[in-house]
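To be precise, the following lines are protein23.tsv, and they hold TSV, N, CA and C atoms.
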chain	number	residue	atom	x	y	z
D	814	MET	N	0.84	-1.19	0.00
D	814	MET	CA	0.00	0.00	0.00
D	814	MET	C	0.88	1.25	0.00
D	815	THR	N	0.63	2.16	-0.91
D	815	THR	CA	1.42	3.38	-0.99
D	815	THR	C	0.90	4.40	0.02
D	816	LYS	N	1.82	5.20	0.52
D	816	LYS	CA	1.47	6.22	1.50
D	816	LYS	C	0.69	7.34	0.85
D	817	LYS	N	-0.36	7.78	1.48
D	817	LYS	CA	-1.15	8.91	0.99
D	817	LYS	C	-0.35	10.18	1.22
D	818	LEU	N	-0.22	10.98	0.18
D	818	LEU	CA	0.40	12.29	0.29
D	818	LEU	C	-0.68	13.33	0.06
D	819	PHE	N	-0.72	14.34	0.89
D	819	PHE	CA	-1.75	15.36	0.84
D	819	PHE	C	-1.22	16.65	0.24
D	820	THR	N	-2.09	17.34	-0.47
D	820	THR	CA	-1.80	18.73	-0.80
D	820	THR	C	-2.27	19.54	0.41
D	821	LEU	N	-1.83	20.78	0.50
D	821	LEU	CA	-2.27	21.64	1.60
D	821	LEU	C	-3.80	21.80	1.56
D	822	GLU	N	-4.34	21.94	0.36
D	822	GLU	CA	-5.78	22.10	0.19
D	822	GLU	C	-6.53	20.85	0.67
D	823	GLU	N	-6.06	19.66	0.31
D	823	GLU	CA	-6.70	18.41	0.74
D	823	GLU	C	-6.68	18.28	2.27
D	824	ALA	N	-5.54	18.58	2.86
D	824	ALA	CA	-5.41	18.46	4.32
D	824	ALA	C	-6.34	19.46	5.02
D	825	ASN	N	-6.35	20.70	4.55
D	825	ASN	CA	-7.24	21.71	5.16
D	825	ASN	C	-8.71	21.34	5.00
D	826	HIS	N	-9.02	20.70	3.88
D	826	HIS	CA	-10.41	20.28	3.63
D	826	HIS	C	-10.87	19.25	4.66
D	827	LEU	N	-9.94	18.46	5.21
D	827	LEU	CA	-10.28	17.43	6.20
D	827	LEU	C	-10.39	17.97	7.63
D	828	LEU	N	-10.05	19.23	7.85
D	828	LEU	CA	-10.05	19.75	9.22
D	828	LEU	C	-11.41	19.71	9.91
D	829	PRO	N	-12.52	20.04	9.25
D	829	PRO	CA	-13.81	19.92	9.96
D	829	PRO	C	-14.07	18.49	10.45
D	830	TYR	N	-13.77	17.52	9.61
D	830	TYR	CA	-13.90	16.10	9.99
D	830	TYR	C	-12.96	15.78	11.15
D	831	LEU	N	-11.74	16.26	11.05
D	831	LEU	CA	-10.73	15.99	12.08
D	831	LEU	C	-11.13	16.62	13.42
D	832	ARG	N	-11.67	17.83	13.38
D	832	ARG	CA	-12.13	18.48	14.62
D	832	ARG	C	-13.23	17.65	15.29
D	833	GLU	N	-14.14	17.13	14.49
D	833	GLU	CA	-15.22	16.29	15.00
D	833	GLU	C	-14.67	15.02	15.65
D	834	GLU	N	-13.75	14.37	14.96
D	834	GLU	CA	-13.15	13.14	15.47
D	834	GLU	C	-12.35	13.41	16.74
D	835	LEU	N	-11.62	14.51	16.75
D	835	LEU	CA	-10.85	14.87	17.94
D	835	LEU	C	-11.77	15.10	19.13
D	836	SER	N	-12.85	15.81	18.91
D	836	SER	CA	-13.82	16.06	19.98
D	836	SER	C	-14.35	14.74	20.53
D	837	TYR	N	-14.71	13.84	19.63
D	837	TYR	CA	-15.19	12.52	20.05
D	837	TYR	C	-14.13	11.79	20.87
D	838	LEU	N	-12.89	11.75	20.36
D	838	LEU	CA	-11.83	11.00	21.02
D	838	LEU	C	-11.47	11.59	22.39
D	839	GLN	N	-11.46	12.91	22.48
D	839	GLN	CA	-11.16	13.52	23.78
D	839	GLN	C	-12.26	13.23	24.79
D	840	GLU	N	-13.50	13.30	24.37
D	840	GLU	CA	-14.62	12.97	25.27
D	840	GLU	C	-14.58	11.50	25.65
D	841	ALA	N	-14.29	10.63	24.68
D	841	ALA	CA	-14.20	9.20	24.96
D	841	ALA	C	-13.11	8.92	25.98
D	842	LYS	N	-12.00	9.62	25.86
D	842	LYS	CA	-10.89	9.42	26.80
D	842	LYS	C	-11.30	9.85	28.20
D	843	ARG	N	-12.00	10.99	28.32
D	843	ARG	CA	-12.47	11.45	29.63
D	843	ARG	C	-13.46	10.45	30.23
D	844	SER	N	-14.39	9.97	29.41
D	844	SER	CA	-15.39	9.01	29.88
D	844	SER	C	-14.73	7.70	30.30
D	845	PHE	N	-13.76	7.26	29.52
D	845	PHE	CA	-13.04	6.03	29.84
D	845	PHE	C	-12.34	6.17	31.19
D	846	TYR	N	-11.66	7.29	31.38
D	846	TYR	CA	-10.93	7.51	32.63
D	846	TYR	C	-11.89	7.53	33.82
D	847	HIS	N	-13.02	8.20	33.65
D	847	HIS	CA	-14.03	8.25	34.72
D	847	HIS	C	-14.53	6.85	35.07
D	848	LEU	N	-14.86	6.06	34.07
D	848	LEU	CA	-15.35	4.69	34.29
D	848	LEU	C	-14.25	3.82	34.89
D	849	TYR	N	-13.02	4.01	34.44
D	849	TYR	CA	-11.89	3.27	34.99
D	849	TYR	C	-11.73	3.57	36.48
D	850	GLN	N	-11.82	4.86	36.84
D	850	GLN	CA	-11.71	5.25	38.25
D	850	GLN	C	-12.84	4.61	39.07
D	851	GLN	N	-14.03	4.58	38.50
D	851	GLN	CA	-15.19	3.97	39.15
D	851	GLN	C	-14.91	2.48	39.41
D	852	ARG	N	-14.39	1.81	38.40
D	852	ARG	CA	-14.07	0.39	38.54
D	852	ARG	C	-13.02	0.15	39.63
D	853	GLU	N	-12.00	0.99	39.64
D	853	GLU	CA	-10.94	0.84	40.65
D	853	GLU	C	-11.48	1.06	42.06
D	854	GLN	N	-12.38	1.99	42.20
D	854	GLN	CA	-12.99	2.25	43.51
D	854	GLN	C	-13.80	1.04	43.98
D	855	ILE	N	-14.57	0.46	43.08
D	855	ILE	CA	-15.36	-0.72	43.43
D	855	ILE	C	-14.44	-1.89	43.77
D	856	LYS	N	-13.35	-2.04	43.04
D	856	LYS	CA	-12.39	-3.12	43.33
D	856	LYS	C	-11.83	-2.98	44.75
D	857	ARG	N	-11.58	-1.74	45.17
D	857	ARG	CA	-11.03	-1.51	46.51
D	857	ARG	C	-12.10	-1.66	47.60
D	858	GLN	N	-13.30	-1.12	47.34
D	858	GLN	CA	-14.31	-1.05	48.39
D	858	GLN	C	-15.28	-2.22	48.40
D	859	GLN	N	-15.53	-2.82	47.24
D	859	GLN	CA	-16.49	-3.92	47.14
D	859	GLN	C	-15.97	-5.01	46.22
D	860	PRO	N	-14.84	-5.61	46.53
D	860	PRO	CA	-14.25	-6.59	45.61
D	860	PRO	C	-15.16	-7.80	45.35
D	861	GLU	N	-16.11	-8.02	46.22
D	861	GLU	CA	-17.03	-9.15	46.04
D	861	GLU	C	-18.14	-8.83	45.01
D	862	ASN	N	-18.25	-7.58	44.60
D	862	ASN	CA	-19.30	-7.16	43.66
D	862	ASN	C	-18.89	-7.52	42.23
D	863	GLU	N	-18.83	-8.80	41.95
D	863	GLU	CA	-18.33	-9.29	40.67
D	863	GLU	C	-19.19	-8.87	39.48
D	864	GLN	N	-20.49	-8.82	39.66
D	864	GLN	CA	-21.38	-8.47	38.54
D	864	GLN	C	-21.13	-7.03	38.07
D	865	GLU	N	-21.04	-6.10	39.01
D	865	GLU	CA	-20.80	-4.70	38.63
D	865	GLU	C	-19.41	-4.55	38.02
D	866	LEU	N	-18.44	-5.23	38.59
D	866	LEU	CA	-17.08	-5.18	38.04
D	866	LEU	C	-17.05	-5.73	36.61
D	867	PHE	N	-17.75	-6.83	36.39
D	867	PHE	CA	-17.81	-7.42	35.05
D	867	PHE	C	-18.46	-6.45	34.07
D	868	THR	N	-19.54	-5.81	34.50
D	868	THR	CA	-20.24	-4.84	33.64
D	868	THR	C	-19.33	-3.68	33.27
D	869	LEU	N	-18.62	-3.16	34.27
D	869	LEU	CA	-17.70	-2.05	34.01
D	869	LEU	C	-16.55	-2.48	33.09
D	870	GLU	N	-16.03	-3.69	33.30
D	870	GLU	CA	-14.97	-4.21	32.43
D	870	GLU	C	-15.45	-4.27	30.98
D	871	CYS	N	-16.66	-4.75	30.78
D	871	CYS	CA	-17.23	-4.85	29.42
D	871	CYS	C	-17.39	-3.46	28.81
D	872	GLN	N	-17.88	-2.51	29.60
D	872	GLN	CA	-18.05	-1.15	29.09
D	872	GLN	C	-16.70	-0.54	28.70
D	873	LEU	N	-15.70	-0.75	29.54
D	873	LEU	CA	-14.36	-0.23	29.24
D	873	LEU	C	-13.80	-0.84	27.95
D	874	GLU	N	-13.96	-2.15	27.80
D	874	GLU	CA	-13.47	-2.81	26.58
D	874	GLU	C	-14.17	-2.28	25.34
D	875	PHE	N	-15.48	-2.09	25.45
D	875	PHE	CA	-16.24	-1.58	24.31
D	875	PHE	C	-15.79	-0.16	23.97
D	876	MET	N	-15.62	0.68	24.99
D	876	MET	CA	-15.18	2.06	24.76
D	876	MET	C	-13.80	2.09	24.09
D	877	GLU	N	-12.92	1.21	24.53
D	877	GLU	CA	-11.59	1.15	23.94
D	877	GLU	C	-11.65	0.71	22.48
D	878	MET	N	-12.47	-0.28	22.18
D	878	MET	CA	-12.61	-0.74	20.78
D	878	MET	C	-13.20	0.35	19.91
D	879	GLU	N	-14.19	1.06	20.43
D	879	GLU	CA	-14.83	2.12	19.67
D	879	GLU	C	-13.84	3.26	19.37
D	880	ALA	N	-13.08	3.67	20.37
D	880	ALA	CA	-12.09	4.72	20.16
D	880	ALA	C	-11.02	4.26	19.17
D	881	GLN	N	-10.59	3.02	19.29
D	881	GLN	CA	-9.58	2.50	18.37
D	881	GLN	C	-10.11	2.47	16.94
D	882	MET	N	-11.39	2.20	16.77
D	882	MET	CA	-12.00	2.22	15.44
D	882	MET	C	-11.92	3.63	14.84
D	883	HIS	N	-12.18	4.65	15.64
D	883	HIS	CA	-12.09	6.03	15.15
D	883	HIS	C	-10.65	6.37	14.77
D	884	ILE	N	-9.69	5.96	15.58
D	884	ILE	CA	-8.28	6.23	15.29
D	884	ILE	C	-7.87	5.50	14.01
D	885	THR	N	-8.32	4.27	13.86
D	885	THR	CA	-8.01	3.48	12.67
D	885	THR	C	-8.58	4.16	11.41
D	886	GLN	N	-9.76	4.74	11.52
D	886	GLN	CA	-10.35	5.45	10.37
D	886	GLN	C	-9.48	6.63	9.97
D	887	LEU	N	-8.96	7.36	10.95
D	887	LEU	CA	-8.07	8.48	10.64
D	887	LEU	C	-6.80	7.99	9.96
D	888	ILE	N	-6.21	6.94	10.50
D	888	ILE	CA	-4.97	6.38	9.95
D	888	ILE	C	-5.21	5.86	8.53
D	889	THR	N	-6.36	5.24	8.31
D	889	THR	CA	-6.71	4.72	6.98
D	889	THR	C	-6.79	5.85	5.96
D	890	LYS	N	-7.21	7.02	6.39
D	890	LYS	CA	-7.28	8.18	5.49
D	890	LYS	C	-5.90	8.78	5.24
D	891	GLY	N	-4.87	8.29	5.97
D	891	GLY	CA	-3.52	8.79	5.79
D	891	GLY	C	-3.11	9.82	6.83
D	892	ILE	N	-4.00	10.15	7.76
D	892	ILE	CA	-3.72	11.14	8.80
D	892	ILE	C	-2.93	10.46	9.92
D	893	GLN	N	-1.88	11.10	10.37
D	893	GLN	CA	-1.08	10.58	11.47
D	893	GLN	C	-1.56	11.20	12.78
D	894	VAL	N	-1.97	10.36	13.70
D	894	VAL	CA	-2.46	10.81	15.01
D	894	VAL	C	-1.26	10.91	15.93
D	895	LYS	N	-0.93	12.11	16.38
D	895	LYS	CA	0.26	12.31	17.22
D	895	LYS	C	-0.10	12.45	18.70
D	896	ASP	N	-1.12	13.23	19.03
D	896	ASP	CA	-1.47	13.45	20.44
D	896	ASP	C	-2.93	13.83	20.55
D	897	ILE	N	-3.72	12.97	21.18
D	897	ILE	CA	-5.16	13.22	21.34
D	897	ILE	C	-5.39	14.34	22.36
D	898	ASP	N	-4.62	14.35	23.44
D	898	ASP	CA	-4.85	15.34	24.50
D	898	ASP	C	-4.74	16.77	24.00
D	899	ILE	N	-3.67	17.07	23.27
D	899	ILE	CA	-3.52	18.45	22.77
D	899	ILE	C	-4.07	18.61	21.36
D	900	GLY	N	-4.44	17.50	20.71
D	900	GLY	CA	-5.01	17.57	19.37
D	900	GLY	C	-3.96	17.86	18.32
D	901	LEU	N	-3.02	16.95	18.17
D	901	LEU	CA	-1.92	17.14	17.23
D	901	LEU	C	-1.95	16.04	16.16
D	902	PHE	N	-1.95	16.49	14.89
D	902	PHE	CA	-2.06	15.56	13.76
D	902	PHE	C	-1.13	16.01	12.64
D	903	ASP	N	-0.64	15.03	11.89
D	903	ASP	CA	0.24	15.30	10.75
D	903	ASP	C	-0.35	14.68	9.48
D	904	PHE	N	-0.02	15.34	8.35
D	904	PHE	CA	-0.44	14.88	7.03
D	904	PHE	C	0.81	14.79	6.15
D	905	PRO	N	1.19	13.60	5.70
D	905	PRO	CA	2.35	13.49	4.81
D	905	PRO	C	2.14	14.32	3.53
D	906	ALA	N	3.19	14.99	3.10
D	906	ALA	CA	3.10	15.86	1.93
D	906	ALA	C	4.49	16.01	1.30
D	907	ILE	N	4.51	16.66	0.16
D	907	ILE	CA	5.78	16.99	-0.50
D	907	ILE	C	5.83	18.52	-0.61
D	908	ILE	N	6.91	19.08	-0.09
D	908	ILE	CA	7.15	20.53	-0.22
D	908	ILE	C	8.57	20.69	-0.75
D	909	ASN	N	8.69	21.43	-1.85
D	909	ASN	CA	9.98	21.66	-2.50
D	909	ASN	C	10.72	20.35	-2.78
D	910	GLY	N	9.96	19.34	-3.22
D	910	GLY	CA	10.55	18.06	-3.58
D	910	GLY	C	10.93	17.17	-2.40
D	911	GLU	N	10.67	17.61	-1.19
D	911	GLU	CA	11.03	16.85	0.01
D	911	GLU	C	9.78	16.36	0.73
D	912	GLU	N	9.83	15.10	1.20
D	912	GLU	CA	8.70	14.58	1.96
D	912	GLU	C	8.72	15.20	3.35
D	913	VAL	N	7.59	15.78	3.74
D	913	VAL	CA	7.45	16.46	5.02
D	913	VAL	C	6.10	16.08	5.63
D	914	LEU	N	5.82	16.64	6.79
D	914	LEU	CA	4.53	16.44	7.43
D	914	LEU	C	3.87	17.79	7.66
D	915	LEU	N	2.71	17.97	7.02
D	915	LEU	CA	1.91	19.15	7.33
D	915	LEU	C	1.39	18.95	8.74
D	916	CYS	N	1.50	19.97	9.56
D	916	CYS	CA	1.24	19.82	10.99
D	916	CYS	C	0.06	20.70	11.41
D	917	TRP	N	-0.93	20.08	12.06
D	917	TRP	CA	-2.08	20.83	12.56
D	917	TRP	C	-2.27	20.54	14.03
D	918	ARG	N	-2.55	21.58	14.79
D	918	ARG	CA	-2.83	21.46	16.22
D	918	ARG	C	-4.20	22.07	16.49
D	919	ALA	N	-4.97	21.42	17.33
D	919	ALA	CA	-6.31	21.90	17.68
D	919	ALA	C	-6.23	23.37	18.07
D	920	GLY	N	-7.21	24.13	17.61
D	920	GLY	CA	-7.24	25.56	17.88
D	920	GLY	C	-6.76	26.39	16.70
D	921	GLU	N	-6.01	25.76	15.81
D	921	GLU	CA	-5.55	26.48	14.62
D	921	GLU	C	-6.65	26.44	13.57
D	922	ASP	N	-6.87	27.57	12.89
D	922	ASP	CA	-7.94	27.66	11.89
D	922	ASP	C	-7.63	26.85	10.64
D	923	ALA	N	-6.36	26.77	10.31
D	923	ALA	CA	-5.94	26.07	9.09
D	923	ALA	C	-4.52	25.55	9.32
D	924	ILE	N	-4.08	24.72	8.41
D	924	ILE	CA	-2.71	24.21	8.47
D	924	ILE	C	-1.78	25.28	7.91
D	925	THR	N	-0.87	25.75	8.73
D	925	THR	CA	0.04	26.82	8.32
D	925	THR	C	1.50	26.43	8.52
D	926	HIS	N	1.74	25.22	9.06
D	926	HIS	CA	3.11	24.80	9.36
D	926	HIS	C	3.37	23.38	8.88
D	927	TYR	N	4.63	23.06	8.75
D	927	TYR	CA	5.07	21.71	8.42
D	927	TYR	C	6.38	21.45	9.16
D	928	HIS	N	6.80	20.21	9.18
D	928	HIS	CA	8.12	19.87	9.72
D	928	HIS	C	8.64	18.63	9.00
D	929	GLY	N	9.93	18.40	9.13
D	929	GLY	CA	10.55	17.24	8.52
D	929	GLY	C	10.03	15.96	9.17
D	930	LEU	N	10.29	14.84	8.54
D	930	LEU	CA	9.78	13.56	9.03
D	930	LEU	C	10.28	13.22	10.42
D	931	HIS	N	11.43	13.73	10.81
D	931	HIS	CA	12.01	13.38	12.10
D	931	HIS	C	12.17	14.59	13.03
D	932	ASP	N	11.62	15.73	12.64
D	932	ASP	CA	11.80	16.95	13.43
D	932	ASP	C	10.77	17.11	14.54
D	933	GLY	N	9.57	16.60	14.32
D	933	GLY	CA	8.52	16.75	15.32
D	933	GLY	C	7.99	18.16	15.42
D	934	PHE	N	7.06	18.35	16.35
D	934	PHE	CA	6.37	19.63	16.53
D	934	PHE	C	7.35	20.78	16.77
D	935	ALA	N	8.40	20.52	17.51
D	935	ALA	CA	9.38	21.56	17.84
D	935	ALA	C	10.08	22.11	16.60
D	936	GLY	N	10.13	21.32	15.53
D	936	GLY	CA	10.81	21.73	14.31
D	936	GLY	C	9.89	22.35	13.28
D	937	ARG	N	8.71	22.78	13.71
D	937	ARG	CA	7.74	23.35	12.75
D	937	ARG	C	8.28	24.60	12.04
D	938	LYS	N	7.94	24.66	10.75
D	938	LYS	CA	8.29	25.83	9.94
D	938	LYS	C	7.01	26.33	9.28
D	939	ARG	N	6.92	27.61	9.10
D	939	ARG	CA	5.75	28.21	8.45
D	939	ARG	C	5.76	27.87	6.96
D	940	ILE	N	4.58	27.54	6.43
D	940	ILE	CA	4.43	27.27	5.00
D	940	ILE	C	4.41	28.60	4.28
D	941	ASP	N	5.24	28.74	3.25
D	941	ASP	CA	5.30	30.01	2.48
D	941	ASP	C	4.06	30.17	1.64

Kindly return the structure encoded in the file as structure tokens.
Amino acid sequence: MTKKLFTLEEANHLLPYLREELSYLQEAKRSFYHLYQQREQIKRQQPENEQELFTLECQLEFMEMEAQMHITQLITKGIQVKDIDIGLFDFPAIINGEEVLLCWRAGEDAITHYHGLHDGFAGRKRID
């Protein structure tokens, strides 16, 4: 399978979809953490409550599978998921004949930066 390369226009076009997915994933992570904490509390305070623990375990597994499905959909589209918490994503592209990553962070209106394949967020450069 060949790697998807994006134009700046293609990557920017995906931002509304990406914002929606990010919102879902961040909420899913918060919900997962809350349910996990609930399960841990029951394990400490009511370890004999096997039915509730089993129910919570099933819910956690389902939530994890659902979130992984969303991440897999992003990856299948060629989007690189870097950090869900801060909302950091990369799009492989070619700039000046060099393979780079167009870089988008939640809160930015459009993709305005890129970095080399091994530079990471700290190596971001403004797109001319």

Problem set entry | Residue nearest D:Ile884 among D:Val913, D:Ala923, D:Leu835, D:Ala906 (counting only C-alpha atoms) |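 Selected residue with least distance to D:Ile884: D:Leu835.
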
Problem set entry | Near-D:Ala880 list (6.5 Å; only N, CA and C atoms; drop same-chain fewer than 5 positions) as a list of chain:residue names |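 Non-adjacent residues within range: D:Leu838, D:Phe875, D:Thr885.
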
Exercise. Atom CA of D:His926 and atom CA of D:Lys938, how far apart in Å?
Worked result: 5.3 Å

For this session: Find the distance between atom N of D:Leu930 and atom CA of D:Glu912 and write it in Å to one decimal.
Result: 6.8 Å

Exercise. D:Ala919: which residues within 8 Å, counting only N, CA and C atoms, same-chain residues fewer than 5 positions away excluded, as a list in words?
Worked result: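 What passes the distance filter is Arg832, Ile899, Gly900, Leu901 and Phe902 of chain D.
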
Next, dump the selected residues to file, keeping only N, CA and C atoms, as a PDB file, in the coordinates of the input.
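Written out: part17.pdb:
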ATOM      1  N   ARG D 832     -11.670  17.830  13.380  1.00  0.00           N
ATOM      2  CA  ARG D 832     -12.130  18.480  14.620  1.00  0.00           C
ATOM      3  C   ARG D 832     -13.230  17.650  15.290  1.00  0.00           C
ATOM      4  N   ILE D 899      -3.670  17.070  23.270  1.00  0.00           N
ATOM      5  CA  ILE D 899      -3.520  18.450  22.770  1.00  0.00           C
ATOM      6  C   ILE D 899      -4.070  18.610  21.360  1.00  0.00           C
ATOM      7  N   GLY D 900      -4.440  17.500  20.710  1.00  0.00           N
ATOM      8  CA  GLY D 900      -5.010  17.570  19.370  1.00  0.00           C
ATOM      9  C   GLY D 900      -3.960  17.860  18.320  1.00  0.00           C
ATOM     10  N   LEU D 901      -3.020  16.950  18.170  1.00  0.00           N
ATOM     11  CA  LEU D 901      -1.920  17.140  17.230  1.00  0.00           C
ATOM     12  C   LEU D 901      -1.950  16.040  16.160  1.00  0.00           C
ATOM     13  N   PHE D 902      -1.950  16.490  14.890  1.00  0.00           N
ATOM     14  CA  PHE D 902      -2.060  15.560  13.760  1.00  0.00           C
ATOM     15  C   PHE D 902      -1.130  16.010  12.640  1.00  0.00           C
TER      16      PHE D 902
END

Mind checking which residues fall within 8 Å of D:Leu915, counting only N, CA and C atoms, ignoring those fewer than 5 positions away in the same chain, and posting them as a tab-separated table (two decimals) with N, CA and C atoms, keeping the file's coordinate frame?
chain	number	residue	atom	x	y	z
D	819	PHE	N	-0.72	14.34	0.89
D	819	PHE	CA	-1.75	15.36	0.84
D	819	PHE	C	-1.22	16.65	0.24
D	821	LEU	N	-1.83	20.78	0.50
D	821	LEU	CA	-2.27	21.64	1.60
D	821	LEU	C	-3.80	21.80	1.56
D	824	ALA	N	-5.54	18.58	2.86
D	824	ALA	CA	-5.41	18.46	4.32
D	824	ALA	C	-6.34	19.46	5.02
D	902	PHE	N	-1.95	16.49	14.89
D	902	PHE	CA	-2.06	15.56	13.76
D	902	PHE	C	-1.13	16.01	12.64
D	903	ASP	N	-0.64	15.03	11.89
D	903	ASP	CA	0.24	15.30	10.75
D	903	ASP	C	-0.35	14.68	9.48
D	904	PHE	N	-0.02	15.34	8.35
D	904	PHE	CA	-0.44	14.88	7.03
D	904	PHE	C	0.81	14.79	6.15
D	905	PRO	N	1.19	13.60	5.70
D	905	PRO	CA	2.35	13.49	4.81
D	905	PRO	C	2.14	14.32	3.53
D	906	ALA	N	3.19	14.99	3.10
D	906	ALA	CA	3.10	15.86	1.93
D	906	ALA	C	4.49	16.01	1.30
D	907	ILE	N	4.51	16.66	0.16
D	907	ILE	CA	5.78	16.99	-0.50
D	907	ILE	C	5.83	18.52	-0.61
D	924	ILE	N	-4.08	24.72	8.41
D	924	ILE	CA	-2.71	24.21	8.47
D	924	ILE	C	-1.78	25.28	7.91
D	925	THR	N	-0.87	25.75	8.73
D	925	THR	CA	0.04	26.82	8.32
D	925	THR	C	1.50	26.43	8.52
D	926	HIS	N	1.74	25.22	9.06
D	926	HIS	CA	3.11	24.80	9.36
D	926	HIS	C	3.37	23.38	8.88
D	927	TYR	N	4.63	23.06	8.75
D	927	TYR	CA	5.07	21.71	8.42
D	927	TYR	C	6.38	21.45	9.16
D	928	HIS	N	6.80	20.21	9.18
D	928	HIS	CA	8.12	19.87	9.72
D	928	HIS	C	8.64	18.63	9.00
D	929	GLY	N	9.93	18.40	9.13
D	929	GLY	CA	10.55	17.24	8.52
D	929	GLY	C	10.03	15.96	9.17

For this session: Could you tell me which of D:Lys817, D:Glu921, D:Cys916, D:Glu870 comes closest to D:Phe934 if we count only N, CA and C atoms?
Result: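 Looking at the shortest contact to D:Phe934, the residue is D:Cys916.
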
Exercise. Which residue gives the smallest distance to D:Val894 among D:Ala935, D:Leu831, D:Leu866, D:Leu848, with only C-alpha atoms counted?
Worked result: D:Leu831

Exercise. Which distance in Å separates atom CA of D:Cys871 and atom CA of D:Gln859, to one decimal?
Worked result: 17.8 Å

For this session: Would you please work out which residue, of D:Asp932, D:Gln881, D:Asn825, D:Arg852, is nearest to D:Phe867 when using only C-alpha atoms?
Result: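 When distances to D:Phe867 are compared using only C-alpha atoms, the smallest one comes from D:Arg852.
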
For this session: Could you pull out the residues in chain D that DSSP calls strand (DSSP E or B) from the backbone, as a ChimeraX atom specification?
Result: /D:893-896,901-908,911-918,926-929,938-939

Exercise. Given the choices D:Asp922, D:Asn862, D:Ser836, D:Ala841, which gets closest to D:Glu877 if the distance is worked out from only N, CA and C atoms?
Worked result: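 With only N, CA and C atoms as the atom set, the closest residue is D:Ala841.
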
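Closest to D:Leu914 among D:Arg843, D:His883, D:Arg939, D:His826 is D:Arg939, based on only C-alpha atoms.
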